[in-house]
Amino acid sequence: MTEEKNHKAGFVNIVGNPNVGKSTLMNDLVGERISIITSKAQTTRHRIMGIVNTPDYQIVFSDTPGVLKPKYKLQESMLDFSEGALTDADVLLYVTDVVEDPTKNADFLARVAAEKVPVLLVINKIDLLKNQTELESIVSRWKELLPNAEIFPTSALEHFNVQALMNRIVELLPENPPYFGKDALTDKPARFFVTEIIREKILLNYQKEVPYSTEVIVEKFDEKEGAIHIMAVIYVERDSQKGILIGKGGAMLKKVGMQARKDIETFFGKKVFLELFVKVEPNWRNRENKLRAFGYIE
């Protein structure tokens, strides 16, 4: 009974602009590859939870899409996920890096500054700096913008100062019983991670608008003891995108499939049979019924 009483649990939400390393930081904090990481902006489209459990505490980390000015309905939904993260956090992690303009998305930053919950400001990618003076100048600027925040200069890529950040998060957690089962790693189903892995490979292998016009839906996930049979459909908006995605003689789609299959096998620790199909769904990013079917609108 006493054990349950002293148990800590809370929601730690990670917000910030695109491409500052939120997903890399989350994966480092959770110790698992939960969020997809590429050098391209807007890779995270959903709010993804990663759960850390010990006998004494449970931290529910939440990675959110980068804050941006929406150009279409899909991006409006992505912004809703980011803004929702401000309303239910026990601890807020605002992630920036050493190269971005601190005044970018000033409206969102003002909301973070007004937060009543503890705000930890993570200045990521400090491995890119030449000297301590540069860091001191960046820290000083951020102290003006977020005076109530505790500042943690880090390099998520090199695991620098991430443990100190983790220790402070644990200190700030409120006393609560666990919100999820103690063996839970995430709130997302297995199929979700299949779609994220396939989408990551598309982001890495194609240029320009093609990756942002795609959505992946797993239509079959048949798990047996030693293997998983997966059938997934990649939706695009135009016939020309379908052609680019498939490639000459199906070569590009085959390449994506091979790369995705390897990562899916690593993720599940089982042999995987992966079938990929491409379908055209015109203008899906602006159609509410499609965004609802694809899980972006509840």
# chains A, B, ... in the order shown; residues from 1 in each chain; ligands from 1

$ residues_around --residues "range 187-199 of chain A" --least-positions-apart "6" --cutoff "9 Å" --atoms "only C-alpha atoms" --output "ChimeraX atom specification"
/A:34-36,43-44,48-51,180,211,214-218,220-221,230,232,234,256-257,259-261,263-264,267-268

$ write_last_selection --atoms "C-alpha atoms" --output "PDB file, in the first residue's frame"
ATOM      1  CA  ILE A  34       9.362   5.056 -30.999  1.00  0.00           C
ATOM      2  CA  SER A  35       9.349   8.195 -33.188  1.00  0.00           C
ATOM      3  CA  ILE A  36      10.622   8.269 -36.754  1.00  0.00           C
ATOM      4  CA  THR A  43       8.195  13.756 -40.015  1.00  0.00           C
ATOM      5  CA  THR A  44       6.009  13.360 -36.917  1.00  0.00           C
ATOM      6  CA  ILE A  48       3.152   9.548 -30.093  1.00  0.00           C
ATOM      7  CA  MET A  49       3.533   8.331 -26.532  1.00  0.00           C
ATOM      8  CA  GLY A  50       6.565   6.506 -25.193  1.00  0.00           C
ATOM      9  CA  ILE A  51       6.330   5.103 -21.669  1.00  0.00           C
ATOM     10  CA  PHE A 180      -0.742   2.425 -18.059  1.00  0.00           C
ATOM     11  CA  PRO A 211       6.835  12.021 -49.123  1.00  0.00           C
ATOM     12  CA  THR A 214       1.731   9.879 -48.873  1.00  0.00           C
ATOM     13  CA  GLU A 215      -0.199   8.050 -46.162  1.00  0.00           C
ATOM     14  CA  VAL A 216       0.342   4.424 -45.195  1.00  0.00           C
ATOM     15  CA  ILE A 217      -2.456   2.131 -44.038  1.00  0.00           C
ATOM     16  CA  VAL A 218      -1.872  -1.429 -42.848  1.00  0.00           C
ATOM     17  CA  LYS A 220      -3.473  -6.900 -42.975  1.00  0.00           C
ATOM     18  CA  PHE A 221      -1.384  -7.741 -39.896  1.00  0.00           C
ATOM     19  CA  ILE A 230       1.779  -7.562 -43.412  1.00  0.00           C
ATOM     20  CA  ALA A 232       0.085  -2.199 -46.502  1.00  0.00           C
ATOM     21  CA  ILE A 234       0.563   3.621 -49.657  1.00  0.00           C
ATOM     22  CA  VAL A 256      11.390   0.818 -49.800  1.00  0.00           C
ATOM     23  CA  GLY A 257       9.842  -2.563 -49.016  1.00  0.00           C
ATOM     24  CA  GLN A 259      14.397  -1.395 -46.063  1.00  0.00           C
ATOM     25  CA  ALA A 260      11.096  -1.298 -44.170  1.00  0.00           C
ATOM     26  CA  ARG A 261      10.955  -5.067 -43.771  1.00  0.00           C
ATOM     27  CA  ASP A 263      13.424  -2.475 -39.582  1.00  0.00           C
ATOM     28  CA  ILE A 264      10.036  -4.085 -38.897  1.00  0.00           C
ATOM     29  CA  PHE A 267      11.222  -3.909 -34.097  1.00  0.00           C
ATOM     30  CA  PHE A 268       9.143  -7.072 -33.570  1.00  0.00           C
TER      31      PHE A 268
END

$ select_by_dssp --residues "range 45-292 of chain A" --states "strand (DSSP E or B)" --output "mmCIF file with C-alpha atoms, in the first residue's frame"
data_model
loop_
_atom_site.group_PDB
_atom_site.id
_atom_site.type_symbol
_atom_site.label_atom_id
_atom_site.label_comp_id
_atom_site.auth_asym_id
_atom_site.auth_seq_id
_atom_site.Cartn_x
_atom_site.Cartn_y
_atom_site.Cartn_z
ATOM 1 C CA ILE A 48 3.152 9.548 -30.093
ATOM 2 C CA MET A 49 3.533 8.331 -26.532
ATOM 3 C CA GLY A 50 6.565 6.506 -25.193
ATOM 4 C CA ILE A 51 6.330 5.103 -21.669
ATOM 5 C CA VAL A 52 9.201 4.633 -19.212
ATOM 6 C CA ASN A 53 8.566 2.346 -16.244
ATOM 7 C CA TYR A 57 7.684 5.821 -11.343
ATOM 8 C CA GLN A 58 6.031 5.899 -14.761
ATOM 9 C CA ILE A 59 6.799 8.675 -17.240
ATOM 10 C CA VAL A 60 4.462 9.054 -20.213
ATOM 11 C CA PHE A 61 6.464 10.997 -22.801
ATOM 12 C CA SER A 62 4.551 12.506 -25.699
ATOM 13 C CA ASP A 63 6.259 13.520 -28.954
ATOM 14 C CA VAL A 91 5.991 18.727 -17.165
ATOM 15 C CA LEU A 92 6.556 20.495 -20.487
ATOM 16 C CA LEU A 93 9.733 20.044 -22.527
ATOM 17 C CA TYR A 94 10.204 22.878 -24.997
ATOM 18 C CA VAL A 95 12.892 21.794 -27.460
ATOM 19 C CA THR A 96 14.911 24.235 -29.520
ATOM 20 C CA ASP A 97 18.392 24.000 -31.003
ATOM 21 C CA VAL A 119 8.836 24.049 -18.235
ATOM 22 C CA LEU A 120 12.220 22.535 -19.094
ATOM 23 C CA LEU A 121 13.869 24.285 -22.035
ATOM 24 C CA VAL A 122 16.089 21.877 -23.956
ATOM 25 C CA ILE A 123 18.677 23.577 -26.184
ATOM 26 C CA ASN A 124 19.597 20.676 -28.450
ATOM 27 C CA GLU A 150 14.941 25.582 -16.416
ATOM 28 C CA ILE A 151 17.514 25.339 -19.211
ATOM 29 C CA PHE A 152 19.239 22.115 -20.281
ATOM 30 C CA PRO A 153 21.851 22.405 -23.057
ATOM 31 C CA SER A 155 23.005 16.859 -27.623
ATOM 32 C CA PHE A 160 25.071 14.592 -23.761
ATOM 33 C CA GLU A 175 2.726 11.309 -6.894
ATOM 34 C CA GLU A 215 -0.199 8.050 -46.162
ATOM 35 C CA VAL A 216 0.342 4.424 -45.195
ATOM 36 C CA ILE A 217 -2.456 2.131 -44.038
ATOM 37 C CA VAL A 218 -1.872 -1.429 -42.848
ATOM 38 C CA GLU A 219 -4.731 -3.539 -44.198
ATOM 39 C CA LYS A 220 -3.473 -6.900 -42.975
ATOM 40 C CA PHE A 221 -1.384 -7.741 -39.896
ATOM 41 C CA ASP A 222 -1.404 -11.497 -39.462
ATOM 42 C CA GLU A 223 0.897 -12.507 -36.604
ATOM 43 C CA ALA A 227 6.431 -14.619 -38.442
ATOM 44 C CA ILE A 228 4.169 -11.692 -39.348
ATOM 45 C CA HIS A 229 2.427 -11.260 -42.722
ATOM 46 C CA ILE A 230 1.779 -7.562 -43.412
ATOM 47 C CA MET A 231 -0.094 -6.008 -46.308
ATOM 48 C CA ALA A 232 0.085 -2.199 -46.502
ATOM 49 C CA VAL A 233 -1.308 0.383 -48.927
ATOM 50 C CA ILE A 234 0.563 3.621 -49.657
ATOM 51 C CA TYR A 235 -1.880 6.361 -50.663
ATOM 52 C CA VAL A 236 -0.765 9.283 -52.847
ATOM 53 C CA LYS A 271 10.474 -12.718 -39.597
ATOM 54 C CA VAL A 272 8.252 -10.438 -41.665
ATOM 55 C CA PHE A 273 6.562 -10.908 -45.049
ATOM 56 C CA LEU A 274 5.702 -7.431 -46.326
ATOM 57 C CA GLU A 275 3.509 -6.613 -49.342
ATOM 58 C CA LEU A 276 3.189 -3.000 -50.485
ATOM 59 C CA PHE A 277 0.563 -1.538 -52.841
ATOM 60 C CA VAL A 278 0.118 2.036 -54.107
ATOM 61 C CA LYS A 279 -3.276 3.709 -54.603
ATOM 62 C CA VAL A 280 -4.304 7.220 -55.650
#

$ select_by_dssp --residues "range 218-288 of chain A" --states "helix (DSSP H, G or I)" --output "VMD selection string"
chain A and resid 239 to 246 248 to 268 284 to 286 288

$ write_last_selection --atoms "N, CA and C atoms" --output "short mmCIF file (atom, residue, chain, number, x, y, z; two decimals), in the first residue's frame"
data_model
loop_
_atom_site.label_atom_id
_atom_site.label_comp_id
_atom_site.auth_asym_id
_atom_site.auth_seq_id
_atom_site.Cartn_x
_atom_site.Cartn_y
_atom_site.Cartn_z
N ASP A 239 -1.60 10.54 -59.88
CA ASP A 239 -1.04 9.42 -60.66
C ASP A 239 0.46 9.57 -60.86
N SER A 240 0.91 10.83 -61.08
CA SER A 240 2.35 11.06 -61.30
C SER A 240 3.16 10.65 -60.06
N GLN A 241 2.58 10.90 -58.87
CA GLN A 241 3.27 10.51 -57.63
C GLN A 241 3.32 8.98 -57.50
N LYS A 242 2.26 8.34 -57.96
CA LYS A 242 2.22 6.87 -57.92
C LYS A 242 3.36 6.30 -58.77
N GLY A 243 3.56 6.89 -59.96
CA GLY A 243 4.62 6.44 -60.84
C GLY A 243 5.99 6.61 -60.22
N ILE A 244 6.20 7.76 -59.59
CA ILE A 244 7.50 8.03 -58.94
C ILE A 244 7.73 7.05 -57.79
N LEU A 245 6.68 6.82 -57.01
CA LEU A 245 6.78 5.94 -55.84
C LEU A 245 7.14 4.51 -56.25
N ILE A 246 6.50 4.02 -57.33
CA ILE A 246 6.75 2.64 -57.78
C ILE A 246 8.11 2.54 -58.47
N LYS A 248 10.83 2.72 -61.95
CA LYS A 248 10.94 1.93 -63.18
C LYS A 248 10.98 0.44 -62.85
N GLY A 249 10.02 -0.29 -63.43
CA GLY A 249 9.95 -1.74 -63.19
C GLY A 249 9.70 -2.10 -61.73
N GLY A 250 9.16 -1.13 -60.97
CA GLY A 250 8.85 -1.38 -59.55
C GLY A 250 10.06 -1.33 -58.63
N ALA A 251 11.20 -0.82 -59.16
CA ALA A 251 12.47 -0.87 -58.41
C ALA A 251 12.43 -0.05 -57.12
N MET A 252 11.84 1.16 -57.17
CA MET A 252 11.84 2.03 -55.99
C MET A 252 10.97 1.45 -54.88
N LEU A 253 9.80 0.96 -55.26
CA LEU A 253 8.89 0.39 -54.25
C LEU A 253 9.53 -0.85 -53.61
N LYS A 254 10.24 -1.62 -54.40
CA LYS A 254 10.92 -2.81 -53.90
C LYS A 254 12.00 -2.40 -52.88
N LYS A 255 12.71 -1.33 -53.19
CA LYS A 255 13.76 -0.84 -52.30
C LYS A 255 13.17 -0.40 -50.95
N VAL A 256 12.08 0.37 -51.02
CA VAL A 256 11.39 0.82 -49.80
C VAL A 256 10.92 -0.39 -48.98
N GLY A 257 10.35 -1.36 -49.68
CA GLY A 257 9.84 -2.56 -49.02
C GLY A 257 10.94 -3.34 -48.30
N MET A 258 12.10 -3.47 -48.96
CA MET A 258 13.22 -4.21 -48.35
C MET A 258 13.74 -3.49 -47.10
N GLN A 259 13.90 -2.17 -47.21
CA GLN A 259 14.40 -1.39 -46.06
C GLN A 259 13.41 -1.45 -44.90
N ALA A 260 12.13 -1.29 -45.21
CA ALA A 260 11.10 -1.30 -44.17
C ALA A 260 11.01 -2.67 -43.51
N ARG A 261 11.06 -3.71 -44.32
CA ARG A 261 10.96 -5.07 -43.77
C ARG A 261 12.06 -5.34 -42.75
N LYS A 262 13.28 -4.94 -43.05
CA LYS A 262 14.40 -5.15 -42.12
C LYS A 262 14.14 -4.48 -40.78
N ASP A 263 13.68 -3.22 -40.83
CA ASP A 263 13.42 -2.47 -39.58
C ASP A 263 12.23 -3.05 -38.82
N ILE A 264 11.22 -3.50 -39.56
CA ILE A 264 10.04 -4.09 -38.90
C ILE A 264 10.43 -5.39 -38.21
N GLU A 265 11.29 -6.17 -38.87
CA GLU A 265 11.77 -7.42 -38.26
C GLU A 265 12.55 -7.13 -36.97
N THR A 266 13.37 -6.08 -37.00
CA THR A 266 14.13 -5.69 -35.80
C THR A 266 13.18 -5.24 -34.69
N PHE A 267 12.17 -4.46 -35.07
CA PHE A 267 11.22 -3.91 -34.10
C PHE A 267 10.45 -5.01 -33.38
N PHE A 268 9.98 -6.01 -34.15
CA PHE A 268 9.14 -7.07 -33.57
C PHE A 268 9.93 -8.33 -33.19
N TRP A 284 -6.21 13.99 -50.58
CA TRP A 284 -6.64 13.44 -49.29
C TRP A 284 -6.27 14.34 -48.11
N ARG A 285 -5.20 15.14 -48.25
CA ARG A 285 -4.76 15.97 -47.12
C ARG A 285 -5.73 17.10 -46.78
N ASN A 286 -6.65 17.38 -47.72
CA ASN A 286 -7.63 18.45 -47.48
C ASN A 286 -9.05 17.92 -47.31
N GLU A 288 -11.78 16.07 -45.15
CA GLU A 288 -12.03 15.72 -43.75
C GLU A 288 -12.36 14.25 -43.56
#

$ residues_around --residues "range 136-146 of chain A" --least-positions-apart "6" --cutoff "8 Å" --atoms "only C-alpha atoms" --output "list in words"
Val98, Pro102, Val112 and Ala113 of chain A

$ write_last_selection --atoms "N, CA and C atoms" --output "short mmCIF file (atom, residue, chain, number, x, y, z; two decimals), in the first residue's frame"
data_model
loop_
_atom_site.label_atom_id
_atom_site.label_comp_id
_atom_site.auth_asym_id
_atom_site.auth_seq_id
_atom_site.Cartn_x
_atom_site.Cartn_y
_atom_site.Cartn_z
N VAL A 98 20.52 25.06 -31.49
CA VAL A 98 21.46 26.18 -31.48
C VAL A 98 21.42 27.01 -32.76
N PRO A 102 15.08 32.11 -32.18
CA PRO A 102 14.25 31.97 -30.98
C PRO A 102 12.86 32.62 -31.08
N VAL A 112 3.66 28.94 -24.14
CA VAL A 112 4.57 28.14 -23.31
C VAL A 112 5.04 28.97 -22.11
N ALA A 113 5.35 30.24 -22.37
CA ALA A 113 5.83 31.13 -21.30
C ALA A 113 4.77 31.34 -20.22
#

$ atom_distance --atom1 "CA of Val20 in chain A" --atom2 "CA of Glu100 in chain A"
7.9 Å

$ atom_distance --atom1 "CA of Thr154 in chain A" --atom2 "CA of Lys125 in chain A"
6.4 Å
